[in-house]
Amino acid sequence: MNVVKYPGLSRLSAFFRGLRLPWLAPLVLLLGTLAAPAALQFDVFLGYDGIVPEASWFPVVCEIKNDGPSFTAVIEVTPGNYNGGQVRRVVVELPTGTLKRLVIPVFSSSRGYSTWDVRLLDERGKVRAEQVGLRATKQLAAGTPVIGALGRTAGGTPALKPILPQQSELQPAAARLQTSIFPDNPLVLEGMDSLYLSSEKAAELRVPNQVEALYAWLNAGGHLIVAVEQITDITSTKWLRELFPVDLKDMKTLERHPEFQDWLRNVNWSSGTGRPSNTRSTPFNRPGQRPPKAPQPAEATPASQPFTDMTDDFKFETAPMQVAVGTVKEAGRVLVTAEDTPLIVTANCGRGRITALLFSPEREPFRSWKNLPIFWSKLIEVPVAWYTSADFSNMGGMSSDGIFGAMIDSRQVHKLPVEWLLLLLIVYLVVIGPLDQFWLKRIGKPMLTWITFPCYVVLFSLLIYFIGYRLRAGESEWNELHLVDVLANGEKAELRGRTYASVYSPANQRYDLESHQKYATLRGEFLGMWAGGQSSEKATVMQNGDSFTAQIFVPVWTSQLFVSDWCQPAPSPLSATVTAKDDAWEVKVQNHTDKKLSNAQIAIEGQILSLGEVPSNDSRTFTVSKAQGTSLRDFVWNHGQQFQGAVQSRQRAFGARQSGQISDLPNSSVAASFLSQMGRQDNNYPNNFICPPGLDMSGVLAHGGAVLFAWAEDFSPVSPLYKINPRRSHQYTMWRVPIAIQ
């Protein structure tokens, strides 16, 4: 913080010294310092109104006001107690009299006690301002629903009904946001499942930055909930008018609306957003133990209905309410209607959805409705089981990153079997003990043990180094696996990619990385709660706008995993349509790339069906019978039962040669895209993996869509991250295309 000095105060201080009252001079300077305005103001806003979800990117918004001399600053963000080896920096010019806001993407690797330090440095590396030990107001477990709110009023933030489990990290949360600091990077929005937007606030979002970020977040799986305040709010905002699932015409007064209460009582409550939930009370299935078949739909019982004792609010039901009326667009689906007037309309948008509330929940009589928290909980799809049972415990779990690491880790690294390790230890004990004593007695010089013992230590140390060298030494290697969602955006596509990069180094080495995507970030491997949420990878990431350059450090003879999340508009690399027949589906796939697509598969209605190959720059039409498909749960189990063992083994230095490796990359990538299918959603067969938002594709199927998977060998959709020439390199791409069934 700079201090402004005033010449008048200096003269006044000299005057008092001239009066031989030196004790008054420091007092005057102190008072002047306190009265002087600050030349530099540095504010930091953490997460979504202080809420930080686990295993996801979240925004750190820095607001800087500089009234002092111009300088070039560096904002540095370091975790206070987790991932201490990873530093994020942003360079910003600060002319005199400017106010700047920047969004820095940061990855949350823990749901527990975590802090972050944010510092503002000048050109000489001097700290000009800092905020250290920043803690989130609330840290949530992965899979806990979060809704952001850009409401008309402060009291318009949705209130959610508390769930039965008592753990604070499982309680669904609502965050009040401000349009002035709303992020313009879609990657940092993915920690939110839903966003409530009052139409009155829509015009305050900046075009194109904030609006483009909102569109990309929605297309990648977000749930946008828009409430109508005035029709002109929608019709005068072009981007919202085109997105809104209803062509609005007029406003009218609805005298009665008991349908809201009926909708809440309806047992047809979605099980969640498609994110795997990691809130189970028993450990994961033992290897080889097959889960039971998924339970068949049964008649609803009172225990499965979360709000049978819901309060009747007749005053609300009979209170007049202003609603907007219009024509529902072709893609729209009406959820609630009263007197033939649609009240809630939803429509799919890529992997996400937009829901139109044709009324204002911030106005009467809605804001005084006794069941308003239940309404919001159902709208954002809080898992119904959380309202019917309190028998949950937060056991944590392993990270999905380890699955992809086991696929692409270097095969040059061989592990020493435990048997050989024990044999080496036994030989060492025999040599320094009985053998040493025996031959020294034979030569009659037992005192030489002071010389022979250090020699044995040196000899075995060299032997261990030689064994390690033979097992670990190799050539530099860089392997990339790209998991890319192809999301339709008009005539083009939005590519939402996750690049898993494994680098093996035969020496202590630093590597320079660079991304060329429009939005991109880099992080180390997330190890999950079983490893304390910590990551050993060391990296310095420099954010350049919304992309990055980085320098990573890889220790000798180790293979480390880094993950780059990115988003990039591009011509559509492939497209697909699905048409339902009587007992079959007709799937048309168009490959616009120069690489053959192999092992194409489609997941639809709880099944997965093999399609075959699609040549480069060609199209194929497949007709597949509904009876020839494989249950998606069985497919995920068959290919995913090795996940747990592989993830655990790859963190160990000893073991069998093949431990910690997964060889079937195409099918394993598909199985890893449905981790929520690994176990039944009850206390006996939990899903034990934590995955970042958007990895799991179950939500697409839950909302009536299908997903095409296509594998491309030795192909990358983007430029490589590395700026070196590794001796060995492999590239793989798994395309994932969400499709609306016609």
# chains A, B, ... in the order shown; residues from 1 in each chain; ligands from 1

$ residues_around --residues "A:Arg650" --least-positions-apart "3" --cutoff "9 Å" --atoms "only C-alpha atoms" --output "list of chain:residue names"
A:Gly402, A:Gly405, A:Ala406, A:Asp409, A:Gly645, A:Ala646, A:Val647, A:Ala653, A:Ser659, A:Gly660, A:Gln661

$ select_by_dssp --residues "stretch 158-384 of chain A" --states "strand (DSSP E)" --output "ChimeraX atom specification"
/A:173-176,194-198,223-227,246-254,321-328,333-338,341-349,352-357

$ residues_around --residues "A:Arg510" --least-positions-apart "2" --cutoff "7 Å" --atoms "only C-alpha atoms" --output "count of residues only"
5

$ closest_residue --among "A:Ile604, A:Ile408, A:Leu140, A:Leu429" --to "A:Trp478" --atoms "only C-alpha atoms"
A:Ile408

$ residues_around --residues "A:Leu695" --least-positions-apart "4" --cutoff "9 Å" --atoms "only C-alpha atoms" --output "ChimeraX atom specification"
/A:275,400,483,498,672-675,691

$ atom_distance --atom1 "atom CA of A:Ala712" --atom2 "atom CA of A:Gly528"
29.1 Å

$ closest_residue --among "A:Thr346, A:Asn185, A:Pro245, A:Thr235" --to "A:Gln568" --atoms "only C-alpha atoms"
A:Asn185

$ select_by_dssp --residues "stretch 221-266 of chain A" --states "alpha helix (DSSP H)" --output "PyMOL selection string"
chain A and resi 231-235+238-243+259-265

$ write_last_selection --atoms "N, CA and C atoms" --output "PDB file, in the first residue's frame"
ATOM      1  N   ILE A 231     -41.506  -8.314 -20.398  1.00  0.00           N
ATOM      2  CA  ILE A 231     -41.291  -8.901 -21.723  1.00  0.00           C
ATOM      3  C   ILE A 231     -40.182  -8.179 -22.472  1.00  0.00           C
ATOM      4  N   THR A 232     -40.099  -6.869 -22.314  1.00  0.00           N
ATOM      5  CA  THR A 232     -39.081  -6.101 -23.038  1.00  0.00           C
ATOM      6  C   THR A 232     -37.672  -6.481 -22.607  1.00  0.00           C
ATOM      7  N   ASP A 233     -37.506  -6.998 -21.383  1.00  0.00           N
ATOM      8  CA  ASP A 233     -36.173  -7.454 -20.969  1.00  0.00           C
ATOM      9  C   ASP A 233     -35.666  -8.548 -21.893  1.00  0.00           C
ATOM     10  N   ILE A 234     -36.583  -9.393 -22.372  1.00  0.00           N
ATOM     11  CA  ILE A 234     -36.210 -10.505 -23.255  1.00  0.00           C
ATOM     12  C   ILE A 234     -36.131 -10.040 -24.698  1.00  0.00           C
ATOM     13  N   THR A 235     -37.164  -9.367 -25.150  1.00  0.00           N
ATOM     14  CA  THR A 235     -37.244  -9.020 -26.573  1.00  0.00           C
ATOM     15  C   THR A 235     -36.203  -7.995 -26.991  1.00  0.00           C
ATOM     16  N   LYS A 238     -30.890  -9.236 -27.641  1.00  0.00           N
ATOM     17  CA  LYS A 238     -30.851 -10.145 -28.783  1.00  0.00           C
ATOM     18  C   LYS A 238     -30.409 -11.544 -28.393  1.00  0.00           C
ATOM     19  N   TRP A 239     -29.306 -11.649 -27.649  1.00  0.00           N
ATOM     20  CA  TRP A 239     -28.766 -12.976 -27.352  1.00  0.00           C
ATOM     21  C   TRP A 239     -29.739 -13.796 -26.502  1.00  0.00           C
ATOM     22  N   LEU A 240     -30.463 -13.127 -25.602  1.00  0.00           N
ATOM     23  CA  LEU A 240     -31.399 -13.843 -24.751  1.00  0.00           C
ATOM     24  C   LEU A 240     -32.682 -14.176 -25.512  1.00  0.00           C
ATOM     25  N   ARG A 241     -33.108 -13.286 -26.401  1.00  0.00           N
ATOM     26  CA  ARG A 241     -34.308 -13.545 -27.203  1.00  0.00           C
ATOM     27  C   ARG A 241     -34.121 -14.788 -28.069  1.00  0.00           C
ATOM     28  N   GLU A 242     -32.921 -14.938 -28.654  1.00  0.00           N
ATOM     29  CA  GLU A 242     -32.654 -16.091 -29.508  1.00  0.00           C
ATOM     30  C   GLU A 242     -32.538 -17.380 -28.699  1.00  0.00           C
ATOM     31  N   LEU A 243     -32.094 -17.272 -27.465  1.00  0.00           N
ATOM     32  CA  LEU A 243     -31.893 -18.440 -26.623  1.00  0.00           C
ATOM     33  C   LEU A 243     -33.158 -18.874 -25.906  1.00  0.00           C
ATOM     34  N   GLU A 259     -51.058 -25.794  -9.667  1.00  0.00           N
ATOM     35  CA  GLU A 259     -50.188 -26.738 -10.380  1.00  0.00           C
ATOM     36  C   GLU A 259     -48.759 -26.730  -9.849  1.00  0.00           C
ATOM     37  N   PHE A 260     -48.306 -25.617  -9.283  1.00  0.00           N
ATOM     38  CA  PHE A 260     -46.961 -25.593  -8.704  1.00  0.00           C
ATOM     39  C   PHE A 260     -46.845 -26.606  -7.573  1.00  0.00           C
ATOM     40  N   GLN A 261     -47.862 -26.630  -6.701  1.00  0.00           N
ATOM     41  CA  GLN A 261     -47.844 -27.573  -5.588  1.00  0.00           C
ATOM     42  C   GLN A 261     -47.895 -29.015  -6.111  1.00  0.00           C
ATOM     43  N   ASP A 262     -48.713 -29.245  -7.145  1.00  0.00           N
ATOM     44  CA  ASP A 262     -48.804 -30.591  -7.716  1.00  0.00           C
ATOM     45  C   ASP A 262     -47.465 -31.024  -8.310  1.00  0.00           C
ATOM     46  N   TRP A 263     -46.779 -30.089  -8.942  1.00  0.00           N
ATOM     47  CA  TRP A 263     -45.489 -30.415  -9.557  1.00  0.00           C
ATOM     48  C   TRP A 263     -44.475 -30.837  -8.497  1.00  0.00           C
ATOM     49  N   LEU A 264     -44.475 -30.169  -7.354  1.00  0.00           N
ATOM     50  CA  LEU A 264     -43.540 -30.534  -6.292  1.00  0.00           C
ATOM     51  C   LEU A 264     -43.855 -31.909  -5.711  1.00  0.00           C
ATOM     52  N   ARG A 265     -45.141 -32.260  -5.662  1.00  0.00           N
ATOM     53  CA  ARG A 265     -45.509 -33.562  -5.111  1.00  0.00           C
ATOM     54  C   ARG A 265     -45.256 -34.703  -6.078  1.00  0.00           C
TER      55      ARG A 265
END

$ residues_around --residues "stretch 352-359 of chain A" --least-positions-apart "4" --cutoff "6 Å" --atoms "only C-alpha atoms" --output "MDAnalysis selection string"
chainID A and resid 218:219 221:228 323:324 343:348

$ write_last_selection --atoms "N, CA and C atoms" --output "tab-separated table (two decimals), in the first residue's frame"
chain	number	residue	atom	x	y	z
A	218	LEU	N	-23.19	-22.89	-20.79
A	218	LEU	CA	-24.48	-23.53	-21.01
A	218	LEU	C	-24.34	-24.70	-21.98
A	219	ASN	N	-23.62	-24.50	-23.06
A	219	ASN	CA	-23.45	-25.53	-24.07
A	219	ASN	C	-22.69	-26.74	-23.53
A	221	GLY	N	-22.87	-27.95	-20.53
A	221	GLY	CA	-23.57	-28.71	-19.51
A	221	GLY	C	-24.22	-27.90	-18.42
A	222	GLY	N	-24.14	-26.58	-18.48
A	222	GLY	CA	-24.76	-25.75	-17.46
A	222	GLY	C	-26.28	-25.70	-17.59
A	223	HIS	N	-26.92	-25.27	-16.51
A	223	HIS	CA	-28.39	-25.13	-16.49
A	223	HIS	C	-28.72	-23.67	-16.21
A	224	LEU	N	-29.17	-22.97	-17.24
A	224	LEU	CA	-29.51	-21.56	-17.13
A	224	LEU	C	-31.01	-21.42	-16.86
A	225	ILE	N	-31.35	-20.74	-15.77
A	225	ILE	CA	-32.75	-20.52	-15.38
A	225	ILE	C	-33.04	-19.03	-15.50
A	226	VAL	N	-33.93	-18.65	-16.41
A	226	VAL	CA	-34.22	-17.25	-16.67
A	226	VAL	C	-35.65	-16.95	-16.24
A	227	ALA	N	-35.81	-15.94	-15.39
A	227	ALA	CA	-37.14	-15.52	-14.93
A	227	ALA	C	-37.52	-14.22	-15.63
A	228	VAL	N	-38.77	-14.12	-16.05
A	228	VAL	CA	-39.25	-12.96	-16.79
A	228	VAL	C	-39.77	-11.91	-15.82
A	323	VAL	N	-47.93	-13.38	-15.21
A	323	VAL	CA	-47.16	-14.34	-15.99
A	323	VAL	C	-47.05	-13.83	-17.43
A	324	ALA	N	-45.97	-14.23	-18.09
A	324	ALA	CA	-45.78	-13.91	-19.50
A	324	ALA	C	-46.36	-15.02	-20.36
A	343	LEU	N	-46.08	-22.25	-17.64
A	343	LEU	CA	-45.44	-21.51	-16.56
A	343	LEU	C	-43.94	-21.78	-16.50
A	344	ILE	N	-43.53	-23.01	-16.79
A	344	ILE	CA	-42.11	-23.37	-16.82
A	344	ILE	C	-41.87	-24.15	-18.10
A	345	VAL	N	-40.91	-23.69	-18.90
A	345	VAL	CA	-40.58	-24.33	-20.17
A	345	VAL	C	-39.08	-24.55	-20.21
A	346	THR	N	-38.66	-25.73	-20.64
A	346	THR	CA	-37.23	-26.03	-20.71
A	346	THR	C	-36.87	-26.50	-22.11
A	347	ALA	N	-35.61	-26.34	-22.47
A	347	ALA	CA	-35.11	-26.78	-23.77
A	347	ALA	C	-33.64	-27.15	-23.63
A	348	ASN	N	-33.22	-28.20	-24.33
A	348	ASN	CA	-31.82	-28.61	-24.32
A	348	ASN	C	-31.00	-27.65	-25.17

$ closest_residue --among "A:Val624, A:Ile451, A:Ile181, A:Leu463" --to "A:Cys62" --atoms "only C-alpha atoms"
A:Ile181

$ atom_distance --atom1 "atom CA of A:Glu330" --atom2 "atom CA of A:Glu491"
18.6 Å

$ residues_around --residues "A:Tyr504" --least-positions-apart "5" --cutoff "6 Å" --atoms "only C-alpha atoms" --output "list in words"
Ser476, Glu477, Thr558 and Ser559 of chain A

$ decode --residues "stretch 502-518 of chain A" --atoms "N, CA and C atoms" --output "PDB file, in the first residue's frame"
ATOM      1  N   SER A 502       1.022 -36.804 -20.167  1.00  0.00           N
ATOM      2  CA  SER A 502       1.962 -37.511 -19.302  1.00  0.00           C
ATOM      3  C   SER A 502       3.365 -37.306 -19.852  1.00  0.00           C
ATOM      4  N   VAL A 503       4.263 -36.825 -19.009  1.00  0.00           N
ATOM      5  CA  VAL A 503       5.632 -36.564 -19.438  1.00  0.00           C
ATOM      6  C   VAL A 503       6.588 -37.380 -18.576  1.00  0.00           C
ATOM      7  N   TYR A 504       7.477 -38.091 -19.260  1.00  0.00           N
ATOM      8  CA  TYR A 504       8.514 -38.876 -18.584  1.00  0.00           C
ATOM      9  C   TYR A 504       9.865 -38.242 -18.873  1.00  0.00           C
ATOM     10  N   SER A 505      10.671 -38.073 -17.823  1.00  0.00           N
ATOM     11  CA  SER A 505      11.970 -37.415 -17.973  1.00  0.00           C
ATOM     12  C   SER A 505      13.079 -38.311 -17.441  1.00  0.00           C
ATOM     13  N   PRO A 506      14.132 -38.554 -18.223  1.00  0.00           N
ATOM     14  CA  PRO A 506      15.274 -39.338 -17.739  1.00  0.00           C
ATOM     15  C   PRO A 506      16.244 -38.515 -16.896  1.00  0.00           C
ATOM     16  N   ALA A 507      15.926 -37.247 -16.660  1.00  0.00           N
ATOM     17  CA  ALA A 507      16.781 -36.379 -15.847  1.00  0.00           C
ATOM     18  C   ALA A 507      15.914 -35.305 -15.213  1.00  0.00           C
ATOM     19  N   ASN A 508      16.456 -34.646 -14.186  1.00  0.00           N
ATOM     20  CA  ASN A 508      15.754 -33.494 -13.630  1.00  0.00           C
ATOM     21  C   ASN A 508      15.650 -32.430 -14.715  1.00  0.00           C
ATOM     22  N   GLN A 509      14.462 -32.106 -15.119  1.00  0.00           N
ATOM     23  CA  GLN A 509      14.307 -31.272 -16.307  1.00  0.00           C
ATOM     24  C   GLN A 509      13.118 -30.339 -16.167  1.00  0.00           C
ATOM     25  N   ARG A 510      13.264 -29.135 -16.729  1.00  0.00           N
ATOM     26  CA  ARG A 510      12.166 -28.186 -16.838  1.00  0.00           C
ATOM     27  C   ARG A 510      11.706 -28.129 -18.294  1.00  0.00           C
ATOM     28  N   TYR A 511      10.395 -28.054 -18.484  1.00  0.00           N
ATOM     29  CA  TYR A 511       9.821 -28.030 -19.820  1.00  0.00           C
ATOM     30  C   TYR A 511       8.901 -26.825 -19.949  1.00  0.00           C
ATOM     31  N   ASP A 512       8.964 -26.171 -21.109  1.00  0.00           N
ATOM     32  CA  ASP A 512       8.099 -25.032 -21.402  1.00  0.00           C
ATOM     33  C   ASP A 512       6.877 -25.513 -22.169  1.00  0.00           C
ATOM     34  N   LEU A 513       5.710 -25.046 -21.724  1.00  0.00           N
ATOM     35  CA  LEU A 513       4.446 -25.415 -22.356  1.00  0.00           C
ATOM     36  C   LEU A 513       3.726 -24.151 -22.811  1.00  0.00           C
ATOM     37  N   GLU A 514       2.872 -24.306 -23.809  1.00  0.00           N
ATOM     38  CA  GLU A 514       2.088 -23.168 -24.292  1.00  0.00           C
ATOM     39  C   GLU A 514       0.809 -23.667 -24.937  1.00  0.00           C
ATOM     40  N   SER A 515      -0.296 -23.002 -24.638  1.00  0.00           N
ATOM     41  CA  SER A 515      -1.574 -23.333 -25.249  1.00  0.00           C
ATOM     42  C   SER A 515      -1.974 -22.225 -26.213  1.00  0.00           C
ATOM     43  N   HIS A 516      -2.624 -22.632 -27.308  1.00  0.00           N
ATOM     44  CA  HIS A 516      -3.060 -21.674 -28.325  1.00  0.00           C
ATOM     45  C   HIS A 516      -4.587 -21.595 -28.407  1.00  0.00           C
ATOM     46  N   GLN A 517      -5.287 -22.214 -27.448  1.00  0.00           N
ATOM     47  CA  GLN A 517      -6.735 -22.187 -27.469  1.00  0.00           C
ATOM     48  C   GLN A 517      -7.254 -20.854 -26.927  1.00  0.00           C
ATOM     49  N   LYS A 518      -8.504 -20.551 -27.259  1.00  0.00           N
ATOM     50  CA  LYS A 518      -9.096 -19.288 -26.830  1.00  0.00           C
ATOM     51  C   LYS A 518      -9.187 -19.219 -25.310  1.00  0.00           C
TER      52      LYS A 518
END
